[in-house]
file data11.txt (compact mmCIF, C-alpha atoms)
# COMPACT_ATOMS: atom_id res chain seq x y z
CA MET A 1429 -7.29 -32.22 -22.32
CA THR A 1430 -6.27 -33.37 -18.85
CA THR A 1431 -2.63 -33.29 -19.88
CA GLN A 1432 -3.00 -29.77 -21.23
CA ASN A 1433 -4.65 -28.52 -18.02
CA THR A 1434 -1.96 -30.14 -15.89
CA ALA A 1435 0.71 -28.44 -17.97
CA VAL A 1436 -0.90 -25.04 -17.45
CA GLU A 1437 -1.30 -25.64 -13.71
CA ALA A 1438 2.25 -26.89 -13.37
CA GLN A 1439 3.66 -23.53 -14.43
CA SER A 1440 1.04 -21.23 -12.88
CA PHE A 1441 1.57 -19.49 -9.57
CA ILE A 1442 -0.84 -16.54 -9.26
CA SER A 1443 -4.27 -17.47 -7.87
CA SER A 1444 -7.59 -15.67 -7.82
CA ALA A 1445 -7.00 -14.64 -4.19
CA ASP A 1446 -3.55 -13.24 -5.10
CA LEU A 1447 -4.92 -11.20 -7.98
CA LEU A 1448 -7.85 -9.88 -5.93
CA ASN A 1449 -5.40 -8.94 -3.17
CA GLU A 1450 -3.24 -6.96 -5.66
CA TRP A 1451 -6.27 -5.14 -7.03
CA ILE A 1452 -7.75 -4.27 -3.65
CA GLY A 1453 -4.36 -2.95 -2.52
CA HIS A 1454 -4.32 -0.67 -5.57
CA ARG A 1455 -7.90 0.44 -4.86
CA ARG A 1456 -6.91 1.42 -1.31
CA LEU A 1457 -4.08 3.55 -2.70
CA THR A 1458 -6.29 5.16 -5.37
CA ARG A 1459 -8.81 6.02 -2.64
CA LYS A 1460 -6.04 7.85 -0.75
CA ALA A 1461 -5.12 9.77 -3.93
CA ILE A 1462 -8.77 10.89 -4.27
CA GLU A 1463 -8.80 11.97 -0.63
CA ALA A 1464 -5.58 13.99 -1.11
CA PHE A 1465 -7.23 16.33 -3.67
CA PRO A 1466 -8.81 19.60 -2.59
CA GLU A 1467 -12.59 19.38 -3.20
CA ASP A 1468 -12.77 21.84 -6.10
CA GLN A 1469 -9.56 20.87 -7.87
CA PHE A 1470 -10.57 17.20 -7.88
CA PHE A 1471 -13.28 18.16 -10.39
CA THR A 1472 -11.56 20.98 -12.28
CA TYR A 1473 -7.74 20.81 -12.23
CA SER A 1474 -6.12 19.82 -15.51
CA ILE A 1475 -2.68 19.74 -17.15
CA GLY A 1476 -2.12 19.71 -20.91
CA GLY A 1477 -5.80 19.50 -21.77
CA MET A 1478 -6.21 16.20 -19.90
CA ARG A 1479 -9.34 15.31 -17.96
CA PRO A 1480 -9.71 16.32 -14.30
CA PHE A 1481 -8.83 13.47 -11.91
CA ALA A 1482 -12.52 13.05 -10.92
CA ILE A 1483 -13.37 12.14 -14.53
CA MET A 1484 -10.46 9.67 -14.77
CA VAL A 1485 -11.77 8.10 -11.54
CA LYS A 1486 -15.26 7.92 -13.05
CA GLU A 1487 -13.74 5.99 -15.98
CA LEU A 1488 -12.15 3.57 -13.49
CA ILE A 1489 -15.55 3.12 -11.79
CA ASP A 1490 -17.38 2.70 -15.12
CA VAL A 1491 -14.88 0.07 -16.28
CA SER A 1492 -14.16 -1.95 -13.14
CA VAL A 1493 -17.63 -2.56 -11.70
CA PRO A 1494 -19.54 -3.36 -14.94
CA GLY A 1495 -16.33 -5.14 -16.03
CA ILE A 1496 -16.36 -7.58 -13.14
CA GLU A 1497 -20.13 -8.06 -13.53
CA GLY A 1498 -19.61 -8.80 -17.23
CA ILE A 1499 -16.85 -11.29 -16.49
CA VAL A 1500 -19.06 -13.14 -13.99
CA THR A 1501 -22.36 -13.02 -15.92
CA ASP A 1502 -21.11 -12.70 -19.51
CA LYS A 1503 -23.67 -9.92 -19.97
CA TRP A 1504 -22.20 -6.67 -21.28
CA ASN A 1505 -23.78 -3.30 -21.79
CA THR A 1506 -22.30 -2.59 -25.23
CA ASP A 1507 -24.08 0.68 -25.99
CA SER A 1508 -22.05 2.67 -23.46
CA SER A 1509 -21.01 6.05 -24.82
CA TRP A 1510 -17.85 5.87 -22.66
CA GLU A 1511 -18.50 9.45 -21.71
CA HIS A 1512 -17.59 9.57 -18.05
CA SER A 1513 -19.39 12.24 -16.07
CA TYR A 1514 -21.31 12.95 -12.87
CA PRO A 1515 -24.78 14.45 -12.53
CA GLU A 1516 -24.43 18.01 -11.17
CA GLU A 1517 -25.67 17.08 -7.67
CA GLN A 1518 -23.13 14.27 -7.38
CA ARG A 1519 -20.02 16.40 -7.90
CA THR A 1520 -18.60 15.98 -4.43
CA LYS A 1521 -15.61 13.99 -3.22
CA ALA A 1522 -17.87 12.34 -0.65
CA HIS A 1523 -20.13 11.02 -3.40
CA VAL A 1524 -17.21 9.73 -5.47
CA LEU A 1525 -15.63 8.05 -2.44
CA ALA A 1526 -18.98 6.35 -1.67
CA LEU A 1527 -19.19 5.14 -5.31
CA TRP A 1528 -15.58 3.92 -5.04
CA ASP A 1529 -16.25 1.98 -1.82
CA LYS A 1530 -19.40 0.41 -3.29
CA GLY A 1531 -17.34 -0.69 -6.31
CA THR A 1532 -14.68 -2.20 -4.07
CA GLU A 1533 -17.38 -4.16 -2.21
CA THR A 1534 -18.80 -5.46 -5.50
CA ILE A 1535 -15.34 -6.56 -6.67
CA ILE A 1536 -14.65 -8.37 -3.38
CA GLU A 1537 -18.06 -10.09 -3.60
CA ARG A 1538 -17.92 -11.02 -7.29
CA PHE A 1539 -14.24 -11.99 -7.72
CA PRO A 1540 -14.44 -15.38 -5.95
CA GLN A 1541 -17.27 -16.31 -8.36
CA ILE A 1542 -14.78 -16.42 -11.26
CA SER A 1543 -13.54 -19.99 -11.70
CA GLU A 1544 -9.96 -20.88 -12.54
CA GLU A 1545 -11.11 -22.10 -15.97
CA ARG A 1546 -12.97 -18.84 -16.55
CA PHE A 1547 -9.79 -16.82 -15.88
CA ARG A 1548 -8.17 -18.39 -18.93
CA GLU A 1549 -11.19 -18.09 -21.23
CA THR A 1550 -11.14 -15.53 -24.01
CA ILE A 1551 -13.86 -12.89 -23.75
CA MET A 1552 -14.92 -9.75 -25.60
CA ALA A 1553 -15.13 -7.25 -22.74
CA PHE A 1554 -17.84 -4.61 -23.29
CA GLY A 1555 -18.45 -6.28 -26.66
CA GLN A 1556 -15.23 -4.85 -28.08
CA PHE A 1557 -12.02 -5.68 -26.14
CA GLU A 1558 -10.80 -9.22 -26.80
CA GLY A 1559 -8.56 -10.99 -24.30
CA THR A 1560 -8.43 -13.66 -21.64
CA VAL A 1561 -10.27 -12.91 -18.40
CA TYR A 1562 -7.01 -12.73 -16.43
CA SER A 1563 -5.42 -10.31 -18.91
CA THR A 1564 -8.59 -8.20 -18.87
CA VAL A 1565 -8.39 -7.95 -15.07
CA LEU A 1566 -4.69 -7.03 -15.32
CA TYR A 1567 -5.69 -4.37 -17.86
CA PHE A 1568 -8.26 -2.91 -15.43
CA ILE A 1569 -5.52 -2.74 -12.77
CA ASP A 1570 -2.96 -1.24 -15.20
CA ASN A 1571 -5.49 1.38 -16.25
CA GLU A 1572 -6.04 2.29 -12.60
CA VAL A 1573 -2.28 2.58 -11.90
CA HIS A 1574 -1.92 4.67 -15.08
CA HIS A 1575 -4.60 7.24 -14.26
CA ARG A 1576 -3.75 7.36 -10.56
CA ALA A 1577 -0.15 8.25 -11.51
CA GLN A 1578 -1.51 11.11 -13.61
CA GLY A 1579 -3.43 12.26 -10.52
CA TYR A 1580 -0.09 12.18 -8.67
CA VAL A 1581 1.34 14.72 -11.13
CA TYR A 1582 -1.72 16.94 -10.66
CA LEU A 1583 -1.21 16.74 -6.87
CA ARG A 1584 2.53 17.53 -7.11
CA SER A 1585 1.74 20.43 -9.43
CA LEU A 1586 -0.72 21.71 -6.78
CA GLY A 1587 2.03 21.49 -4.14
CA ILE A 1588 0.43 18.45 -2.44
CA GLU A 1589 2.42 15.33 -1.54
CA PRO A 1590 0.67 12.23 -2.94
CA PRO A 1591 0.26 9.05 -0.82
CA ALA A 1592 3.31 6.72 -0.79
CA PHE A 1593 3.21 4.51 -3.91
CA TRP A 1594 4.46 1.42 -2.08
CA ASP A 1595 1.90 1.58 0.74
CA ARG A 1596 -1.15 -0.48 -0.23
CA ASN A 1597 -2.61 -0.78 3.29
CA MET B 461 3.07 -30.75 1.44
CA THR B 462 1.83 -32.38 -1.76
CA THR B 463 -1.76 -31.50 -0.86
CA GLN B 464 -0.81 -27.90 -0.23
CA ASN B 465 1.01 -27.57 -3.56
CA THR B 466 -1.92 -29.13 -5.41
CA ALA B 467 -4.30 -26.67 -3.75
CA VAL B 468 -2.20 -23.72 -4.87
CA GLU B 469 -1.90 -25.07 -8.41
CA ALA B 470 -5.61 -25.82 -8.62
CA GLN B 471 -6.54 -22.17 -8.24
CA SER B 472 -3.62 -20.61 -10.14
CA PHE B 473 -3.92 -19.46 -13.72
CA ILE B 474 -1.12 -17.01 -14.52
CA SER B 475 2.10 -18.68 -15.69
CA SER B 476 5.65 -17.44 -16.03
CA ALA B 477 5.17 -17.03 -19.79
CA ASP B 478 1.98 -14.98 -19.20
CA LEU B 479 3.70 -12.66 -16.73
CA LEU B 480 6.75 -12.20 -18.95
CA ASN B 481 4.43 -11.42 -21.87
CA GLU B 482 2.63 -8.73 -19.82
CA TRP B 483 5.90 -7.16 -18.76
CA ILE B 484 7.45 -7.15 -22.22
CA GLY B 485 4.27 -5.57 -23.61
CA HIS B 486 4.63 -2.78 -21.05
CA ARG B 487 8.31 -2.36 -21.91
CA ARG B 488 7.44 -1.94 -25.58
CA LEU B 489 4.98 0.82 -24.65
CA THR B 490 7.45 2.55 -22.29
CA ARG B 491 10.02 2.49 -25.10
CA LYS B 492 7.53 4.34 -27.32
CA ALA B 493 6.96 6.92 -24.57
CA ILE B 494 10.74 7.52 -24.39
CA GLU B 495 10.87 7.91 -28.17
CA ALA B 496 8.01 10.43 -28.10
CA PHE B 497 10.02 12.92 -26.00
CA PRO B 498 12.04 15.68 -27.64
CA GLU B 499 15.76 15.03 -26.94
CA ASP B 500 16.32 17.92 -24.54
CA GLN B 501 13.04 17.76 -22.66
CA PHE B 502 13.50 14.08 -21.97
CA PHE B 503 16.36 15.05 -19.65
CA THR B 504 15.10 18.40 -18.33
CA TYR B 505 11.31 18.79 -18.40
CA SER B 506 9.61 18.68 -15.02
CA ILE B 507 6.21 19.41 -13.43
CA GLY B 508 5.68 20.15 -9.74
CA GLY B 509 9.33 19.56 -8.81
CA MET B 510 9.20 15.95 -10.03
CA ARG B 511 12.15 14.27 -11.73
CA PRO B 512 12.61 14.51 -15.51
CA PHE B 513 11.29 11.45 -17.35
CA ALA B 514 14.86 10.30 -18.19
CA ILE B 515 15.61 9.95 -14.46
CA MET B 516 12.38 8.03 -13.82
CA VAL B 517 13.39 5.73 -16.69
CA LYS B 518 16.83 5.30 -15.12
CA GLU B 519 15.10 4.19 -11.92
CA LEU B 520 13.11 1.62 -13.93
CA ILE B 521 16.37 0.37 -15.47
CA ASP B 522 18.18 0.30 -12.11
CA VAL B 523 15.34 -1.67 -10.52
CA SER B 524 14.28 -4.10 -13.24
CA VAL B 525 17.60 -5.48 -14.49
CA PRO B 526 19.40 -5.94 -11.13
CA GLY B 527 15.99 -6.98 -9.79
CA ILE B 528 15.61 -9.90 -12.17
CA GLU B 529 19.28 -10.86 -11.66
CA GLY B 530 18.71 -10.82 -7.89
CA ILE B 531 15.60 -12.97 -8.20
CA VAL B 532 17.46 -15.55 -10.28
CA THR B 533 20.77 -15.58 -8.37
CA ASP B 534 19.64 -14.43 -4.91
CA LYS B 535 22.60 -12.01 -4.95
CA TRP B 536 21.65 -8.40 -4.26
CA ASN B 537 23.72 -5.28 -4.37
CA THR B 538 22.42 -3.73 -1.16
CA ASP B 539 24.69 -0.70 -1.01
CA SER B 540 22.94 1.06 -3.88
CA SER B 541 22.44 4.75 -3.20
CA TRP B 542 19.22 4.66 -5.28
CA GLU B 543 20.41 7.86 -6.87
CA HIS B 544 19.47 7.45 -10.49
CA SER B 545 21.59 9.42 -12.90
CA TYR B 546 23.55 9.24 -16.15
CA PRO B 547 27.20 10.12 -16.70
CA GLU B 548 27.37 13.37 -18.72
CA GLU B 549 28.42 11.64 -21.96
CA GLN B 550 25.46 9.25 -21.75
CA ARG B 551 22.73 11.87 -21.68
CA THR B 552 21.20 11.04 -25.03
CA LYS B 553 17.94 9.35 -25.90
CA ALA B 554 19.88 6.93 -28.10
CA HIS B 555 21.98 5.82 -25.13
CA VAL B 556 18.91 5.38 -22.89
CA LEU B 557 17.07 3.43 -25.57
CA ALA B 558 20.09 1.14 -25.96
CA LEU B 559 20.19 0.59 -22.17
CA TRP B 560 16.43 -0.10 -22.25
CA ASP B 561 16.77 -2.68 -25.05
CA LYS B 562 19.67 -4.40 -23.29
CA GLY B 563 17.51 -4.60 -20.14
CA THR B 564 14.62 -6.10 -22.10
CA GLU B 565 16.97 -8.75 -23.53
CA THR B 566 18.22 -9.61 -20.03
CA ILE B 567 14.66 -9.96 -18.73
CA ILE B 568 13.66 -12.22 -21.65
CA GLU B 569 16.78 -14.36 -21.07
CA ARG B 570 16.55 -14.57 -17.26
CA PHE B 571 12.77 -14.86 -16.72
CA PRO B 572 12.43 -18.52 -17.81
CA GLN B 573 15.14 -19.40 -15.25
CA ILE B 574 12.71 -18.60 -12.40
CA SER B 575 10.96 -21.80 -11.34
CA GLU B 576 7.29 -22.00 -10.39
CA GLU B 577 8.29 -22.71 -6.78
CA ARG B 578 10.63 -19.69 -6.79
CA PHE B 579 7.78 -17.40 -7.87
CA ARG B 580 5.96 -18.10 -4.59
CA GLU B 581 9.05 -17.85 -2.36
CA THR B 582 9.43 -14.82 -0.09
CA ILE B 583 12.53 -12.74 -0.79
CA MET B 584 14.07 -9.51 0.46
CA ALA B 585 14.62 -7.63 -2.81
CA PHE B 586 17.69 -5.37 -2.72
CA GLY B 587 18.08 -6.46 0.91
CA GLN B 588 15.14 -4.32 2.00
CA PHE B 589 11.82 -5.01 0.21
CA GLU B 590 10.10 -8.14 1.48
CA GLY B 591 7.57 -10.00 -0.68
CA THR B 592 6.99 -13.05 -2.81
CA VAL B 593 8.88 -13.20 -6.10
CA TYR B 594 5.65 -12.92 -8.13
CA SER B 595 4.47 -9.86 -6.14
CA THR B 596 7.93 -8.30 -6.53
CA VAL B 597 7.71 -8.72 -10.32
CA LEU B 598 4.19 -7.23 -10.29
CA TYR B 599 5.61 -4.32 -8.27
CA PHE B 600 8.34 -3.73 -10.89
CA ILE B 601 5.62 -3.66 -13.58
CA ASP B 602 3.33 -1.36 -11.49
CA ASN B 603 6.24 1.00 -10.91
CA GLU B 604 6.88 1.13 -14.67
CA VAL B 605 3.19 1.83 -15.45
CA HIS B 606 3.19 4.51 -12.71
CA HIS B 607 6.22 6.45 -13.96
CA ARG B 608 5.33 6.03 -17.63
CA ALA B 609 1.92 7.59 -16.90
CA GLN B 610 3.71 10.56 -15.34
CA GLY B 611 5.74 10.80 -18.56
CA TYR B 612 2.41 10.89 -20.43
CA VAL B 613 1.40 14.02 -18.47
CA TYR B 614 4.75 15.63 -19.32
CA LEU B 615 4.16 14.82 -23.00
CA ARG B 616 0.57 16.21 -22.98
CA SER B 617 1.83 19.30 -21.21
CA LEU B 618 4.42 19.70 -24.01
CA GLY B 619 1.63 19.41 -26.61
CA ILE B 620 2.74 15.92 -27.70
CA GLU B 621 0.29 13.01 -28.05
CA PRO B 622 1.57 9.99 -26.06
CA PRO B 623 1.47 6.47 -27.56
CA ALA B 624 -1.87 4.64 -27.19
CA PHE B 625 -2.06 3.06 -23.72
CA TRP B 626 -3.80 -0.10 -24.97
CA ASP B 627 -1.27 -0.84 -27.73
CA ARG B 628 1.43 -3.14 -26.36
CA ASN B 629 2.78 -4.28 -29.74
call {"tool": "encode", "arguments": {"input": "data11.txt", "output": "structure tokens"}}
result
Amino acid sequence: MTTQNTAVEAQSFISSADLLNEWIGHRRLTRKAIEAFPEDQFFTYSIGGMRPFAIMVKELIDVSVPGIEGIVTDKWNTDSSWEHSYPEEQRTKAHVLALWDKGTETIIERFPQISEERFRETIMAFGQFEGTVYSTVLYFIDNEVHHRAQGYVYLRSLGIEPPAFWDRN
Amino acid sequence: MTTQNTAVEAQSFISSADLLNEWIGHRRLTRKAIEAFPEDQFFTYSIGGMRPFAIMVKELIDVSVPGIEGIVTDKWNTDSSWEHSYPEEQRTKAHVLALWDKGTETIIERFPQISEERFRETIMAFGQFEGTVYSTVLYFIDNEVHHRAQGYVYLRSLGIEPPAFWDRN
């Protein structure tokens, strides 16, 4: 057991702080992409029958925050309908940005509570997605990069220059 | 020095094999996205003045393969014009897929030659992008997810269902 752990450590090089830093950098960039949208088109603009960017962002919020809570507590709300929407009175960019910032705070607070051992444990995220904790976190990040890039096409199509991809500050 | 290394190892949990596995999974999915495009639209279709998907893919090829070679050998071709294009006779999906597969083989061959210590070293990729080796590799992967997602919007806009995002097999 000790030998096995040593072997894993000997070839590992990405720490919890590194991974959190990557994620938070991406969240800063996604926030800028939200800000770049005109208020109305954030909630309505679509290409090829895809969801408006606001709804993709709601998916990111619905996955990342309960996702990190589930990883820390091992309690998952498994009866989610995965239907991402906003109550009528919350359909403003200001509301979504506030939700986004609250989620970022939760991630920064909760992430250090995940132990190194926990990162390599296999979990069933939301009761249905099996993987190690670290690969689940990478999936959350990938999903954010994926949908944000779709928002970039919406912005370009609207004649708006998206924020620089490489700038995570 | 020993204490410092131990501290880093103690909180690290993603190994070289893990990171390679993530990347290769993404490359399998990007390959499927290339395959999903009709031959002509792969090279010509554009939204909002953005580059056709074939050119984005050429960027991914031009970055990832010389990138991994540079990481391993510390030799960088710094006079690249970063103008991603294909000679006229190579503008076929079959040619691009062959280039893609050759790149994947190179990555699989070269990746295990990067030592754990190397992954945390700071490099100047292509003589101009400063970062640790591991963060540079994550950037290559992020850039692939980003452009592939833009290809997904092109596909949806063409009425074609893209490959499932979660399926990396």
call {"tool": "interface_residues", "arguments": {"input": "data11.txt", "of": "chain B", "to": "chain A", "cutoff": "7 Å", "atoms": "all atoms listed in the file", "output": "list in words"}}
result
Glu469, Ala470, Gln471, Ser472, Phe473, Ile474, Ser475, Ser476, Ile507, Gly508, Glu576, Phe579, Arg580, Asp602, Val605, His606, Ala609, Gln610, Val613, Arg616, Ser617 and Gly619 of chain B
call {"tool": "residues_near_point", "arguments": {"input": "data11.txt", "point": "(1.9, 4.4, -2.1)", "cutoff": "9 Å", "atoms": "all atoms listed in the file", "output": "list in words"}}
result
His1454, Leu1457, Thr1458, Lys1460, Pro1590, Pro1591, Ala1592, Phe1593, Trp1594, Asp1595, Arg1596 and Asn1597 of chain A
call {"tool": "residues_around", "arguments": {"input": "data11.txt", "residues": "A:Leu1488", "least_positions_apart": "3", "cutoff": "8 Å", "atoms": "only C-alpha atoms", "output": "compact mmCIF listing (two decimals) with C-alpha atoms, in the coordinates of the input"}}
result
# COMPACT_ATOMS: atom_id res chain seq x y z
CA MET A 1484 -10.46 9.67 -14.77
CA VAL A 1485 -11.77 8.10 -11.54
CA VAL A 1491 -14.88 0.07 -16.28
CA SER A 1492 -14.16 -1.95 -13.14
CA PHE A 1568 -8.26 -2.91 -15.43
CA ASN A 1571 -5.49 1.38 -16.25
CA GLU A 1572 -6.04 2.29 -12.60
call {"tool": "axis_aligned_box", "arguments": {"input": "data11.txt", "around": "stretch 575-588 of chain B", "padding_each_side": "4 Å", "output": "JSON"}}
result
{"center_x": 12.0, "center_y": -13.5, "center_z": -4.7, "size_x": 20.1, "size_y": 26.4, "size_z": 21.3}
call {"tool": "closest_residue", "arguments": {"input": "data11.txt", "among": "B:Arg491, B:Val597, B:Pro498, B:Glu519", "to": "B:Ala558", "atoms": "all atoms listed in the file"}}
result
B:Arg491
call {"tool": "closest_residue", "arguments": {"input": "data11.txt", "among": "A:Trp1528, A:Phe1539, A:Tyr1514, A:Trp1504", "to": "A:Ala1553", "atoms": "only C-alpha atoms"}}
result
A:Trp1504
call {"tool": "atom_distance", "arguments": {"input": "data11.txt", "atom1": "atom CA of A:Arg1455", "atom2": "atom CA of A:Thr1520"}}
result
18.9 Å
call {"tool": "atom_distance", "arguments": {"input": "data11.txt", "atom1": "atom CA of B:Ala514", "atom2": "atom CA of B:Gly527"}}
result
19.2 Å
call {"tool": "closest_residue", "arguments": {"input": "data11.txt", "among": "A:Ile1483, A:Ile1542, A:Ile1452, A:Thr1532", "to": "A:Phe1470", "atoms": "only C-alpha atoms"}}
result
A:Ile1483
call {"tool": "atom_distance", "arguments": {"input": "data11.txt", "atom1": "atom CA of B:Phe513", "atom2": "atom CA of B:Glu548"}}
result
16.3 Å
call {"tool": "closest_residue", "arguments": {"input": "data11.txt", "among": "B:Thr592, B:Gln501, B:Gln550, B:Gln573", "to": "B:Val532", "atoms": "all atoms listed in the file"}}
result
B:Gln573
call {"tool": "residues_around", "arguments": {"input": "data11.txt", "residues": "A:Gly1555", "least_positions_apart": "3", "cutoff": "9 Å", "atoms": "only C-alpha atoms", "output": "PDB file with C-alpha atoms, in the coordinates of the input"}}
result
ATOM      1  CA  TRP A1504     -22.200  -6.670 -21.280  1.00  0.00           C
ATOM      2  CA  ASN A1505     -23.780  -3.300 -21.790  1.00  0.00           C
ATOM      3  CA  THR A1506     -22.300  -2.590 -25.230  1.00  0.00           C
ATOM      4  CA  ASP A1507     -24.080   0.680 -25.990  1.00  0.00           C
ATOM      5  CA  ILE A1551     -13.860 -12.890 -23.750  1.00  0.00           C
ATOM      6  CA  MET A1552     -14.920  -9.750 -25.600  1.00  0.00           C
ATOM      7  CA  GLU A1558     -10.800  -9.220 -26.800  1.00  0.00           C
TER       8      GLU A1558
END
